[in-house]
$ cat work.txt   # compact mmCIF, C-alpha atoms
# COMPACT_ATOMS: atom_id res chain seq x y z
CA MET A 252 -73.90 5.31 4.54
CA THR A 253 -71.90 4.19 1.50
CA THR A 254 -68.33 5.52 1.28
CA ARG A 255 -67.66 7.17 -2.04
CA THR A 256 -64.74 5.95 -4.12
CA ARG A 257 -61.94 8.50 -4.17
CA ILE A 258 -60.47 8.85 -7.66
CA LEU A 259 -57.35 10.91 -8.31
CA THR A 260 -56.35 12.14 -11.77
CA GLY A 261 -53.12 13.96 -12.55
CA ILE A 262 -53.09 16.35 -15.49
CA THR A 263 -49.81 16.99 -17.31
CA THR A 264 -49.04 20.69 -17.69
CA THR A 265 -46.82 20.83 -20.76
CA GLY A 266 -48.09 21.89 -24.16
CA THR A 267 -51.39 23.17 -25.54
CA PRO A 268 -54.32 20.68 -25.41
CA HIS A 269 -55.45 19.29 -28.76
CA LEU A 270 -58.42 17.28 -30.05
CA GLY A 271 -56.67 14.00 -29.22
CA ASN A 272 -56.16 15.04 -25.57
CA TYR A 273 -59.81 16.02 -25.33
CA ALA A 274 -61.30 12.85 -26.83
CA GLY A 275 -58.82 10.49 -25.14
CA ALA A 276 -58.58 11.92 -21.63
CA ILE A 277 -60.33 15.20 -20.83
CA ARG A 278 -63.87 14.43 -22.01
CA PRO A 279 -64.11 10.93 -20.44
CA ALA A 280 -62.62 12.19 -17.16
CA ILE A 281 -65.12 15.05 -16.94
CA LEU A 282 -67.99 12.63 -17.62
CA ALA A 283 -66.66 10.28 -14.91
CA SER A 284 -66.51 13.17 -12.41
CA ARG A 285 -70.31 13.44 -12.56
CA ASP A 286 -70.75 9.99 -10.97
CA SER A 287 -72.44 10.55 -7.59
CA ASN A 288 -70.44 7.65 -6.11
CA ALA A 289 -67.10 9.25 -7.02
CA ASP A 290 -65.10 11.64 -4.84
CA SER A 291 -62.92 13.03 -7.61
CA PHE A 292 -59.61 14.86 -7.20
CA TYR A 293 -58.04 16.50 -10.27
CA PHE A 294 -54.69 18.23 -10.06
CA LEU A 295 -52.36 20.08 -12.41
CA ALA A 296 -49.08 18.18 -12.11
CA ASP A 297 -46.88 21.24 -12.38
CA TYR A 298 -44.07 19.91 -10.15
CA HIS A 299 -43.84 16.93 -12.50
CA ALA A 300 -43.66 19.30 -15.47
CA LEU A 301 -40.39 20.74 -14.11
CA ILE A 302 -38.73 17.36 -14.65
CA LYS A 303 -39.13 17.59 -18.43
CA CYS A 304 -39.28 21.33 -19.10
CA ASP A 305 -36.90 24.13 -18.11
CA ASP A 306 -38.75 26.92 -19.92
CA PRO A 307 -40.55 29.02 -17.25
CA LEU A 308 -42.78 30.81 -19.76
CA ARG A 309 -43.93 27.52 -21.27
CA ILE A 310 -44.68 26.12 -17.80
CA GLN A 311 -46.68 29.22 -16.86
CA ARG A 312 -48.61 29.39 -20.14
CA SER A 313 -49.39 25.69 -20.15
CA ARG A 314 -50.75 25.74 -16.59
CA LEU A 315 -53.09 28.58 -17.56
CA GLU A 316 -54.25 26.91 -20.79
CA ILE A 317 -54.83 23.50 -19.24
CA ALA A 318 -56.73 24.83 -16.23
CA ALA A 319 -58.95 26.85 -18.58
CA THR A 320 -59.43 23.83 -20.85
CA TRP A 321 -60.77 21.57 -18.10
CA LEU A 322 -63.09 24.24 -16.75
CA ALA A 323 -64.33 25.20 -20.22
CA GLY A 324 -64.87 21.51 -20.95
CA GLY A 325 -67.39 21.29 -18.11
CA LEU A 326 -65.47 20.29 -14.98
CA ASP A 327 -67.67 21.32 -12.05
CA VAL A 328 -65.46 22.58 -9.21
CA GLU A 329 -68.42 22.33 -6.81
CA ARG A 330 -68.49 18.56 -7.33
CA VAL A 331 -64.75 17.85 -7.50
CA THR A 332 -61.50 18.99 -5.90
CA PHE A 333 -59.45 20.82 -8.56
CA TYR A 334 -56.05 22.17 -7.59
CA ARG A 335 -52.44 22.77 -8.60
CA GLN A 336 -49.94 20.33 -7.18
CA SER A 337 -47.60 23.23 -6.35
CA ASP A 338 -50.26 24.87 -4.14
CA ILE A 339 -50.21 21.94 -1.69
CA PRO A 340 -47.06 22.29 0.47
CA GLU A 341 -47.91 19.02 2.22
CA ILE A 342 -47.10 17.11 -0.99
CA PRO A 343 -43.33 17.86 -1.07
CA GLN A 344 -43.22 17.28 2.70
CA LEU A 345 -44.82 13.87 2.27
CA THR A 346 -42.50 13.21 -0.67
CA TRP A 347 -39.53 13.50 1.67
CA LEU A 348 -41.08 11.20 4.29
CA LEU A 349 -41.69 8.62 1.56
CA THR A 350 -38.22 9.13 0.06
CA CYS A 351 -36.77 8.11 3.42
CA VAL A 352 -38.48 4.71 3.23
CA ALA A 353 -38.35 4.12 -0.55
CA ALA A 354 -35.75 1.53 -1.53
CA LYS A 355 -33.19 2.57 -4.13
CA GLY A 356 -33.59 -0.86 -5.70
CA LEU A 357 -37.27 -0.09 -6.27
CA LEU A 358 -36.50 3.23 -7.98
CA ASN A 359 -33.80 1.58 -10.10
CA ARG A 360 -36.57 -0.45 -11.73
CA ALA A 361 -38.67 2.56 -12.78
CA HIS A 362 -39.40 2.42 -16.52
CA ALA A 363 -38.50 6.05 -17.26
CA TYR A 364 -35.15 5.80 -15.48
CA LYS A 365 -34.31 2.45 -17.08
CA ALA A 366 -35.20 3.82 -20.52
CA SER A 367 -32.80 6.74 -20.01
CA VAL A 368 -30.03 4.42 -18.84
CA ASP A 369 -30.56 2.04 -21.75
CA LYS A 370 -30.48 4.93 -24.22
CA ASN A 371 -27.22 6.22 -22.72
CA VAL A 372 -25.58 2.80 -22.77
CA GLU A 373 -26.63 2.26 -26.39
CA ALA A 374 -25.03 5.61 -27.27
CA GLY A 375 -21.83 4.76 -25.39
CA GLU A 376 -22.48 7.43 -22.74
CA ASP A 377 -22.25 7.20 -18.97
CA PRO A 378 -25.41 5.29 -17.87
CA ASP A 379 -26.63 8.25 -15.80
CA ALA A 380 -25.74 11.00 -18.28
CA GLY A 381 -28.44 13.65 -18.23
CA VAL A 382 -30.42 11.88 -15.51
CA THR A 383 -31.62 14.33 -12.86
CA MET A 384 -32.79 13.43 -9.37
CA GLY A 385 -36.18 14.73 -10.48
CA LEU A 386 -36.40 12.02 -13.12
CA TYR A 387 -34.96 9.35 -10.82
CA SER A 388 -37.22 10.08 -7.85
CA TYR A 389 -40.31 10.92 -9.93
CA PRO A 390 -42.14 7.78 -8.69
CA VAL A 391 -41.85 8.99 -5.08
CA LEU A 392 -43.47 12.33 -5.93
CA MET A 393 -46.23 10.46 -7.75
CA ALA A 394 -46.66 8.20 -4.71
CA ALA A 395 -47.06 11.31 -2.55
CA ASP A 396 -49.69 12.70 -4.96
CA ILE A 397 -51.69 9.49 -4.59
CA LEU A 398 -51.13 8.67 -0.92
CA MET A 399 -51.64 12.24 0.33
CA PHE A 400 -55.34 11.87 -0.38
CA ASN A 401 -55.64 8.10 0.08
CA ALA A 402 -56.98 7.61 -3.42
CA HIS A 403 -58.74 4.30 -4.03
CA LYS A 404 -58.52 4.44 -7.82
CA VAL A 405 -56.00 6.11 -10.12
CA PRO A 406 -56.93 6.17 -13.85
CA VAL A 407 -53.79 5.40 -15.87
CA GLY A 408 -52.72 3.97 -19.18
CA ARG A 409 -50.88 0.65 -19.18
CA ASP A 410 -47.51 2.42 -19.30
CA GLN A 411 -48.26 4.06 -15.94
CA ILE A 412 -49.37 0.98 -13.97
CA GLN A 413 -45.89 0.59 -12.50
CA HIS A 414 -46.12 3.99 -10.78
CA VAL A 415 -49.30 2.99 -8.96
CA GLU A 416 -47.67 -0.30 -7.93
CA MET A 417 -44.67 1.64 -6.62
CA ALA A 418 -47.01 3.89 -4.62
CA ARG A 419 -48.46 0.74 -3.06
CA ASP A 420 -44.99 -0.61 -2.24
CA ILE A 421 -43.86 2.65 -0.65
CA GLY A 422 -47.14 3.10 1.23
CA GLN A 423 -47.02 -0.46 2.57
CA ARG A 424 -43.48 0.05 3.80
CA PHE A 425 -44.42 3.28 5.60
CA ASN A 426 -47.43 1.56 7.20
CA HIS A 427 -45.20 -1.31 8.24
CA LEU A 428 -42.48 0.86 9.79
CA PHE A 429 -44.62 3.49 11.49
CA GLY A 430 -48.20 2.24 11.60
CA GLN A 431 -48.06 0.45 14.97
CA GLY A 432 -51.17 -1.45 13.93
CA LYS A 433 -52.69 1.48 12.01
CA GLU A 434 -52.84 1.59 8.23
CA PHE A 435 -52.15 5.24 7.45
CA PHE A 436 -52.31 4.74 3.70
CA ALA A 437 -55.00 2.97 1.72
CA MET A 438 -53.61 0.83 -1.08
CA PRO A 439 -54.47 2.48 -4.42
CA GLU A 440 -55.54 0.50 -7.45
CA ALA A 441 -54.74 1.35 -11.05
CA LEU A 442 -57.90 2.00 -13.04
CA ILE A 443 -56.67 0.88 -16.44
CA GLU A 444 -58.05 2.87 -19.34
CA GLU A 445 -58.39 0.07 -21.90
CA SER A 446 -60.39 1.96 -24.51
CA VAL A 447 -58.73 5.36 -24.61
CA ALA A 448 -59.63 7.04 -27.87
CA THR A 449 -56.57 7.59 -30.07
CA LEU A 450 -57.20 10.11 -32.82
CA PRO A 451 -55.21 10.48 -36.03
CA GLY A 452 -53.42 13.73 -36.70
CA LEU A 453 -53.31 15.74 -39.91
CA ASP A 454 -50.88 13.26 -41.49
CA GLY A 455 -52.66 10.10 -40.34
CA ARG A 456 -50.24 9.24 -37.56
CA LYS A 457 -51.36 9.42 -33.92
CA MET A 458 -52.20 13.02 -33.05
CA SER A 459 -49.21 14.18 -31.03
CA LYS A 460 -47.25 17.35 -30.40
CA SER A 461 -44.13 15.29 -31.14
CA TYR A 462 -45.30 14.85 -34.75
CA ASP A 463 -46.46 18.45 -35.16
CA ASN A 464 -49.74 17.13 -36.57
CA THR A 465 -52.26 18.34 -34.00
CA ILE A 466 -55.43 20.38 -34.18
CA PRO A 467 -55.43 22.63 -31.07
CA LEU A 468 -58.63 22.11 -29.12
CA PHE A 469 -59.73 25.73 -28.76
CA THR A 470 -58.02 27.36 -31.71
CA SER A 471 -60.07 29.94 -33.62
CA ALA A 472 -62.74 28.75 -36.05
CA LYS A 473 -60.63 30.02 -38.97
CA ASP A 474 -57.49 28.21 -37.82
CA MET A 475 -59.46 25.01 -37.16
CA LYS A 476 -60.94 25.15 -40.66
CA ASP A 477 -57.47 25.68 -42.14
CA ALA A 478 -56.08 22.73 -40.14
CA ILE A 479 -58.91 20.43 -41.24
CA SER A 480 -58.25 21.37 -44.87
CA ARG A 481 -54.74 19.89 -44.46
CA ILE A 482 -55.95 16.43 -43.35
CA VAL A 483 -54.42 13.84 -45.68
CA THR A 484 -56.95 11.93 -47.82
CA ASP A 485 -56.73 9.63 -50.82
CA SER A 486 -57.03 10.90 -54.41
CA LYS A 487 -60.57 9.69 -55.12
CA ALA A 488 -62.65 12.31 -56.88
CA PRO A 489 -66.17 13.46 -55.96
CA GLY A 490 -68.65 10.79 -57.02
CA GLU A 491 -66.22 7.93 -56.31
CA ALA A 492 -67.01 5.75 -53.29
CA LYS A 493 -64.74 6.38 -50.28
CA ASP A 494 -63.69 3.82 -47.66
CA PRO A 495 -64.74 5.20 -44.24
CA ASP A 496 -62.88 2.48 -42.34
CA ASN A 497 -59.57 3.66 -43.79
CA SER A 498 -60.32 7.37 -43.59
CA HIS A 499 -58.62 9.47 -40.90
CA LEU A 500 -61.19 12.16 -41.54
CA PHE A 501 -64.04 9.75 -40.76
CA THR A 502 -62.29 8.62 -37.55
CA LEU A 503 -62.15 12.23 -36.37
CA PHE A 504 -65.80 12.78 -37.31
CA GLN A 505 -66.89 9.65 -35.46
CA ALA A 506 -65.11 10.73 -32.25
CA PHE A 507 -67.31 13.83 -31.95
CA SER A 508 -70.60 12.77 -33.54
CA THR A 509 -73.62 10.81 -32.40
CA ALA A 510 -74.05 7.28 -33.72
CA GLU A 511 -76.75 8.52 -36.09
CA GLN A 512 -74.55 11.32 -37.46
CA ALA A 513 -71.66 8.90 -37.98
CA ALA A 514 -73.89 6.41 -39.80
CA GLU A 515 -75.20 9.13 -42.12
CA PHE A 516 -71.69 10.43 -42.82
CA ARG A 517 -70.46 6.90 -43.56
CA SER A 518 -73.29 6.39 -46.02
CA GLU A 519 -72.52 9.65 -47.81
CA LEU A 520 -68.83 8.75 -48.14
CA LEU A 521 -69.74 5.37 -49.61
CA GLN A 522 -71.99 7.16 -52.07
CA GLY A 523 -69.14 9.39 -53.27
CA LEU A 524 -69.19 12.51 -51.08
CA GLY A 525 -66.21 14.65 -52.12
CA TRP A 526 -63.35 15.15 -49.68
CA GLY A 527 -63.74 18.92 -49.77
CA GLU A 528 -67.36 18.68 -48.68
CA ALA A 529 -66.45 15.98 -46.14
CA LYS A 530 -63.89 18.30 -44.55
CA SER A 531 -66.50 21.05 -44.45
CA ARG A 532 -68.88 18.68 -42.64
CA LEU A 533 -66.16 17.82 -40.10
CA PHE A 534 -65.51 21.50 -39.46
CA GLN A 535 -69.23 22.20 -38.96
CA LEU A 536 -69.46 19.30 -36.50
CA LEU A 537 -66.42 20.35 -34.47
CA ASP A 538 -67.36 24.02 -34.49
CA GLY A 539 -70.84 23.15 -33.24
CA GLU A 540 -69.52 20.71 -30.63
CA LEU A 541 -66.74 22.94 -29.30
CA GLY A 542 -67.96 26.46 -30.06
CA GLU A 543 -69.50 27.22 -26.65
CA ALA A 544 -66.59 25.62 -24.79
CA ARG A 545 -64.16 27.62 -26.95
CA GLU A 546 -65.92 30.84 -25.96
CA ARG A 547 -65.75 29.89 -22.26
CA TYR A 548 -62.08 28.99 -22.67
CA HIS A 549 -61.13 32.37 -24.13
CA GLN A 550 -63.14 34.16 -21.44
CA LEU A 551 -61.18 32.26 -18.77
CA ILE A 552 -57.85 32.93 -20.46
CA ALA A 553 -58.72 36.63 -20.50
CA ARG A 554 -59.42 36.55 -16.74
CA PRO A 555 -56.42 34.79 -15.19
CA ALA A 556 -57.24 36.28 -11.78
CA ASP A 557 -60.55 34.38 -11.80
CA LEU A 558 -58.71 31.17 -12.66
CA GLU A 559 -56.30 31.84 -9.81
CA ASP A 560 -59.21 32.23 -7.38
CA ILE A 561 -60.76 28.95 -8.55
CA LEU A 562 -57.50 27.04 -8.14
CA LEU A 563 -56.73 28.57 -4.75
CA ALA A 564 -60.21 27.61 -3.57
CA GLY A 565 -59.52 24.08 -4.81
CA ALA A 566 -56.20 24.07 -2.98
CA ALA A 567 -57.90 25.12 0.26
CA LYS A 568 -60.36 22.25 -0.19
CA ALA A 569 -57.51 19.79 -0.83
CA ARG A 570 -55.48 21.10 2.11
CA SER A 571 -58.43 20.59 4.45
CA VAL A 572 -57.66 16.90 3.88
CA ALA A 573 -53.88 17.10 3.53
CA THR A 574 -52.95 19.30 6.50
CA PRO A 575 -54.42 17.20 9.34
CA PHE A 576 -53.27 13.99 7.65
CA LEU A 577 -49.69 15.19 7.35
CA ALA A 578 -49.80 16.14 11.05
CA GLU A 579 -50.65 12.49 11.81
CA LEU A 580 -47.77 11.29 9.65
CA ARG A 581 -45.30 13.70 11.27
CA GLU A 582 -46.41 12.43 14.67
CA ALA A 583 -45.94 8.85 13.52
CA VAL A 584 -42.32 9.35 12.39
CA GLY A 585 -41.36 11.37 15.48
CA LEU A 586 -41.51 14.95 14.13
CA ARG A 587 -43.55 15.99 17.13
CA SER A 588 -44.10 19.21 19.00
CA PHE A 589 -42.09 19.58 22.22
CA GLU A 590 -45.30 20.71 23.87
CA ASN A 591 -47.17 17.85 25.51
CA GLN A 592 -44.14 15.62 24.94
CA VAL A 593 -45.09 11.98 25.35
CA GLN A 594 -42.56 9.24 25.97
CA VAL A 595 -43.36 6.53 23.46
CA ALA A 596 -39.98 4.87 22.95
CA ALA A 597 -41.19 1.53 24.26
CA THR A 598 -44.18 1.38 21.94
CA THR A 599 -42.35 2.59 18.85
CA LYS A 600 -39.35 0.30 19.10
CA LYS A 601 -39.42 -1.88 16.03
CA LYS A 602 -38.38 -5.49 15.89
CA ALA A 603 -36.03 -6.58 13.13
CA VAL A 604 -38.19 -9.62 12.47
CA LYS A 605 -40.99 -7.34 11.26
CA ALA A 606 -38.86 -5.48 8.74
CA ALA A 607 -39.55 -7.66 5.70
CA ARG A 608 -42.93 -7.49 3.96
CA VAL A 609 -45.05 -9.11 1.26
CA VAL A 610 -46.17 -6.92 -1.66
CA SER A 611 -48.82 -8.00 -4.17
CA PHE A 612 -48.97 -6.64 -7.71
CA ARG A 613 -50.49 -7.20 -11.14
CA GLU A 614 -48.44 -7.87 -14.27
CA ASP A 615 -49.11 -6.19 -17.63
CA ASP A 616 -50.60 -9.48 -18.92
CA GLY A 617 -53.28 -9.40 -16.19
CA SER A 618 -51.79 -12.12 -13.98
CA PHE A 619 -51.13 -11.60 -10.26
CA ARG A 620 -47.92 -12.13 -8.28
CA PHE A 621 -46.42 -11.25 -4.93
CA ARG A 622 -42.88 -10.61 -3.77
CA LEU A 623 -41.23 -10.76 -0.36
CA LEU A 624 -39.02 -7.72 0.20
CA SER A 625 -36.30 -7.37 2.82
CA ALA A 626 -36.04 -4.45 5.24
CA ASP A 627 -34.08 -2.42 2.70
CA GLY A 628 -36.46 -3.21 -0.15
CA GLU A 629 -34.39 -5.91 -1.86
CA GLN A 630 -36.32 -8.84 -3.29
CA LEU A 631 -36.06 -12.14 -1.38
CA LEU A 632 -38.80 -14.07 -3.20
CA LEU A 633 -40.88 -13.60 -6.36
CA SER A 634 -43.98 -15.75 -6.78
CA ARG A 635 -45.11 -17.51 -9.91
CA ASN A 636 -47.97 -16.01 -11.94
CA PHE A 637 -51.50 -16.59 -10.64
CA ALA A 638 -54.61 -16.26 -12.79
CA ASP A 639 -56.44 -14.11 -10.25
CA GLY A 640 -55.71 -12.01 -7.21
CA LYS A 641 -57.65 -14.28 -4.86
CA ALA A 642 -55.37 -17.25 -5.62
CA ALA A 643 -52.24 -15.12 -5.20
CA GLY A 644 -53.56 -13.74 -1.91
CA ALA A 645 -54.43 -17.22 -0.63
CA ALA A 646 -50.90 -18.49 -1.34
CA SER A 647 -49.37 -15.42 0.31
CA LYS A 648 -51.53 -15.87 3.42
CA GLN A 649 -50.72 -19.58 3.62
CA LEU A 650 -47.00 -18.80 3.63
CA GLN A 651 -47.55 -16.38 6.53
CA SER A 652 -49.84 -18.71 8.49
CA GLY A 653 -47.10 -20.16 10.68
CA GLN A 654 -46.99 -23.61 9.08
CA GLU A 655 -43.58 -25.19 8.54
CA LEU A 656 -42.01 -23.76 5.40
CA ASP A 657 -40.87 -26.04 2.59
CA LEU A 658 -37.72 -24.19 1.43
CA ARG A 659 -35.57 -25.99 -1.13
CA ALA A 660 -32.03 -24.85 -1.93
CA GLU A 661 -30.78 -25.11 -5.51
CA ALA A 662 -27.15 -24.04 -6.11
CA ASN A 663 -27.03 -20.35 -5.08
CA SER A 664 -30.80 -19.84 -5.03
CA PHE A 665 -33.84 -21.43 -3.40
CA SER A 666 -37.57 -21.86 -3.89
CA ILE A 667 -40.55 -22.19 -1.59
CA TRP A 668 -43.20 -24.86 -2.05
CA LEU A 669 -46.85 -25.30 -1.08
CA ASP A 670 -48.83 -28.51 -1.47
CA GLY A 671 -46.13 -30.12 -3.61
CA ALA A 672 -45.74 -27.23 -6.04
CA SER A 673 -43.19 -24.42 -6.25
CA VAL A 674 -44.91 -21.06 -5.65
CA ALA A 675 -41.98 -18.63 -5.40
CA ASP A 676 -38.28 -18.38 -6.25
CA SER A 677 -35.39 -16.37 -4.87
CA PRO A 678 -32.91 -14.41 -6.96
CA VAL A 679 -29.48 -15.98 -7.56
CA PHE A 680 -27.09 -15.05 -4.73
CA ALA A 681 -23.34 -14.55 -4.88
CA ASP A 682 -22.61 -17.75 -2.96
CA ALA A 683 -24.16 -20.41 -0.75
CA ALA A 684 -23.52 -18.37 2.40
CA ALA A 685 -25.56 -15.45 1.04
CA ARG A 686 -28.26 -17.89 -0.04
CA ASP A 687 -28.44 -19.45 3.44
CA ALA A 688 -28.60 -16.01 5.08
CA ALA A 689 -31.52 -15.12 2.82
CA ILE A 690 -33.28 -18.39 3.66
CA GLU A 691 -33.00 -17.57 7.35
CA GLU A 692 -34.33 -14.06 6.71
CA VAL A 693 -37.31 -15.55 4.87
CA ARG A 694 -38.01 -17.93 7.77
CA ILE A 695 -37.96 -15.04 10.25
CA ALA A 696 -40.02 -12.75 8.02
CA LEU A 697 -42.77 -15.32 7.45
CA ALA A 698 -42.94 -16.43 11.10
CA PRO A 699 -46.13 -15.37 12.96
CA ALA A 700 -45.78 -12.10 14.89
CA GLN A 701 -45.05 -12.52 18.60
CA ASP A 702 -46.83 -10.38 21.19
$ encode --input "work.txt" --output "structure tokens"
Amino acid sequence: MTTRTRILTGITTTGTPHLGNYAGAIRPAILASRDSNADSFYFLADYHALIKCDDPLRIQRSRLEIAATWLAGGLDVERVTFYRQSDIPEIPQLTWLLTCVAAKGLLNRAHAYKASVDKNVEAGEDPDAGVTMGLYSYPVLMAADILMFNAHKVPVGRDQIQHVEMARDIGQRFNHLFGQGKEFFAMPEALIEESVATLPGLDGRKMSKSYDNTIPLFTSAKDMKDAISRIVTDSKAPGEAKDPDNSHLFTLFQAFSTAEQAAEFRSELLQGLGWGEAKSRLFQLLDGELGEARERYHQLIARPADLEDILLAGAAKARSVATPFLAELREAVGLRSFENQVQVAATTKKKAVKAARVVSFREDDGSFRFRLLSADGEQLLLSRNFADGKAAGAASKQLQSGQELDLRAEANSFSIWLDGASVADSPVFADAAARDAAIEEVRIALAPAQD
């Protein structure tokens, strides 16, 4: 029997969904959920929303609107697991277990935190001004979201790859410390969305709530028609040829039409179709495409109790996985029942030589690297870039094979060599003594395990 690929998608719960959200994320995700080989988990990331928003009414309204949007858009809750993050108490519990093994140095490197620090420094403020622990530890909560259900694939944009890599790092460290030969957590992979549709807004810029240029997805037909009438076009009169490739209106039309409809619309624009009529055609297309879903959406919004039942059923389905798994993890870390107490001190005693670990990752440019991390998560070695993961993995395995290591000291740093070529470098240490201590730690860490 073939194991289905578990795919986990987090859905932000701030703001009202617009056409850009639908074309870029919601529609492709719903289509992907219909793959018979996929075991799809979709969750409303409402704990994450609290990091950025302190308006309770906005949080509540947005959760309702976004849940209704996905269901109206065709998400089949019989095929997928659809739940609110805040309905799964095992997630914050796992977050704390992972927080206790997550290195501060790892969290210091998180893009969102670094961006806040850089902005503060540039403004002459304290580096951590306005930084909450929610923002700082956000990657640990995201790791818990992913690892709780042992997701194999996590669809993300390129700006989110780091969070999946951090989940891998934290999961590997937990496995290393408490696994005793068992891999509790599967290592998730980022499923990079290379061709996410980006739609123009009313003013031609990317459709975004930040620019106040959106067309709400399920607004009334009248309001949608009014919004479309405000789309910026050039000043060419009816009868003059239009340039579809530089028309924001055509881009919107193309995102919701068939290839044949788009080709016909392009031809009409080239033949001089007036902008007023073109906007009318776009409205007719969108109203026809979204009309039924809009009706379902408003029916769901009018019956919040039904939505609540659907989400609670999804939570029960998710917890049927999460509850027994968390019990295993609690047992592993020692949070055990006093009933049937078992003395396991001898088997759980950890050796210092096993504290360091090798972590593989992929750079934004597509190359592969690995790093050797110390017991507390500090970097001891960072490899060079490899063209593919197989080559990086082979070098990593060779270093851990037990062969004599070729470590070469250079001032207050060192490098490690394989087959006459440098494959990894250390950071620069404060002095030669610190460098030599790190070299010894690397030798111990890469030595074969002793029974």
$ atom_distance --input "work.txt" --atom1 "CA of Phe400 in chain A" --atom2 "CA of Leu580 in chain A"
12.6 Å
$ closest_atom_pairs --input "work.txt" --of "range 314-413 of chain A" --to "range 433-439 of chain A" --cutoff "9 Å" --atoms "only C-alpha atoms" --output "CSV"
residue,atom,partner,partner_atom,distance
A:Ile397,CA,A:Pro439,CA,7.5
A:Leu398,CA,A:Phe436,CA,6.2
A:Met399,CA,A:Phe436,CA,8.2
A:Phe400,CA,A:Phe436,CA,8.8
A:Asn401,CA,A:Ala437,CA,5.4
A:Ala402,CA,A:Pro439,CA,5.8
A:His403,CA,A:Pro439,CA,4.7
A:Lys404,CA,A:Pro439,CA,5.6
A:Val405,CA,A:Pro439,CA,6.9
$ atom_distance --input "work.txt" --atom1 "CA of Val328 in chain A" --atom2 "CA of Asp560 in chain A"
11.6 Å
$ closest_residue --input "work.txt" --among "A:Leu348, A:Ala289, A:Leu301, A:Ile317" --to "Arg581 in chain A" --atoms "all atoms listed in the file"
A:Leu348
$ atom_distance --input "work.txt" --atom1 "CA of Arg517 in chain A" --atom2 "CA of Leu533 in chain A"
12.2 Å
$ closest_residue --input "work.txt" --among "A:Ala569, A:Leu358, A:Cys304, A:Leu259" --to "Arg335 in chain A" --atoms "only C-alpha atoms"
A:Ala569
$ residues_around --input "work.txt" --residues "range 670-680 of chain A" --least-positions-apart "4" --cutoff "7 Å" --atoms "only C-alpha atoms" --output "JSON, numbers by chain"
{"A": [631, 632, 633, 634, 635, 663, 664, 665, 666, 685, 686]}
$ residues_around --input "work.txt" --residues "Arg570 in chain A" --least-positions-apart "4" --cutoff "9 Å" --atoms "only C-alpha atoms" --output "short mmCIF file (atom, residue, chain, number, x, y, z; two decimals) with C-alpha atoms, in the coordinates of the input"
data_model
loop_
_atom_site.label_atom_id
_atom_site.label_comp_id
_atom_site.auth_asym_id
_atom_site.auth_seq_id
_atom_site.Cartn_x
_atom_site.Cartn_y
_atom_site.Cartn_z
CA ASP A 338 -50.26 24.87 -4.14
CA ILE A 339 -50.21 21.94 -1.69
CA PRO A 340 -47.06 22.29 0.47
CA GLU A 341 -47.91 19.02 2.22
CA GLY A 565 -59.52 24.08 -4.81
CA ALA A 566 -56.20 24.07 -2.98
CA THR A 574 -52.95 19.30 6.50
CA PRO A 575 -54.42 17.20 9.34
#
$ build_atoms --input "work.txt" --residues "range 355-365 of chain A" --atoms "N, CA and C atoms" --output "PDB file, keeping the file's coordinate frame"
ATOM      1  N   LYS A 355     -33.855   2.195  -2.884  1.00  0.00           N
ATOM      2  CA  LYS A 355     -33.190   2.570  -4.130  1.00  0.00           C
ATOM      3  C   LYS A 355     -33.391   1.485  -5.183  1.00  0.00           C
ATOM      4  N   GLY A 356     -33.376   0.225  -4.746  1.00  0.00           N
ATOM      5  CA  GLY A 356     -33.590  -0.860  -5.700  1.00  0.00           C
ATOM      6  C   GLY A 356     -34.933  -0.763  -6.399  1.00  0.00           C
ATOM      7  N   LEU A 357     -35.951  -0.273  -5.668  1.00  0.00           N
ATOM      8  CA  LEU A 357     -37.270  -0.090  -6.270  1.00  0.00           C
ATOM      9  C   LEU A 357     -37.214   0.996  -7.343  1.00  0.00           C
ATOM     10  N   LEU A 358     -36.573   2.123  -7.024  1.00  0.00           N
ATOM     11  CA  LEU A 358     -36.500   3.230  -7.980  1.00  0.00           C
ATOM     12  C   LEU A 358     -35.627   2.877  -9.184  1.00  0.00           C
ATOM     13  N   ASN A 359     -34.637   2.017  -8.980  1.00  0.00           N
ATOM     14  CA  ASN A 359     -33.800   1.580 -10.100  1.00  0.00           C
ATOM     15  C   ASN A 359     -34.616   0.884 -11.182  1.00  0.00           C
ATOM     16  N   ARG A 360     -35.758   0.320 -10.782  1.00  0.00           N
ATOM     17  CA  ARG A 360     -36.570  -0.450 -11.730  1.00  0.00           C
ATOM     18  C   ARG A 360     -37.617   0.395 -12.447  1.00  0.00           C
ATOM     19  N   ALA A 361     -37.678   1.685 -12.142  1.00  0.00           N
ATOM     20  CA  ALA A 361     -38.670   2.560 -12.780  1.00  0.00           C
ATOM     21  C   ALA A 361     -38.440   2.615 -14.291  1.00  0.00           C
ATOM     22  N   HIS A 362     -39.516   2.503 -15.060  1.00  0.00           N
ATOM     23  CA  HIS A 362     -39.400   2.420 -16.520  1.00  0.00           C
ATOM     24  C   HIS A 362     -38.701   3.636 -17.119  1.00  0.00           C
ATOM     25  N   ALA A 363     -39.069   4.841 -16.667  1.00  0.00           N
ATOM     26  CA  ALA A 363     -38.500   6.050 -17.260  1.00  0.00           C
ATOM     27  C   ALA A 363     -36.994   6.125 -17.013  1.00  0.00           C
ATOM     28  N   TYR A 364     -36.585   5.781 -15.797  1.00  0.00           N
ATOM     29  CA  TYR A 364     -35.150   5.800 -15.480  1.00  0.00           C
ATOM     30  C   TYR A 364     -34.416   4.732 -16.281  1.00  0.00           C
ATOM     31  N   LYS A 365     -34.959   3.524 -16.334  1.00  0.00           N
ATOM     32  CA  LYS A 365     -34.310   2.450 -17.080  1.00  0.00           C
ATOM     33  C   LYS A 365     -34.199   2.795 -18.562  1.00  0.00           C
TER      34      LYS A 365
END
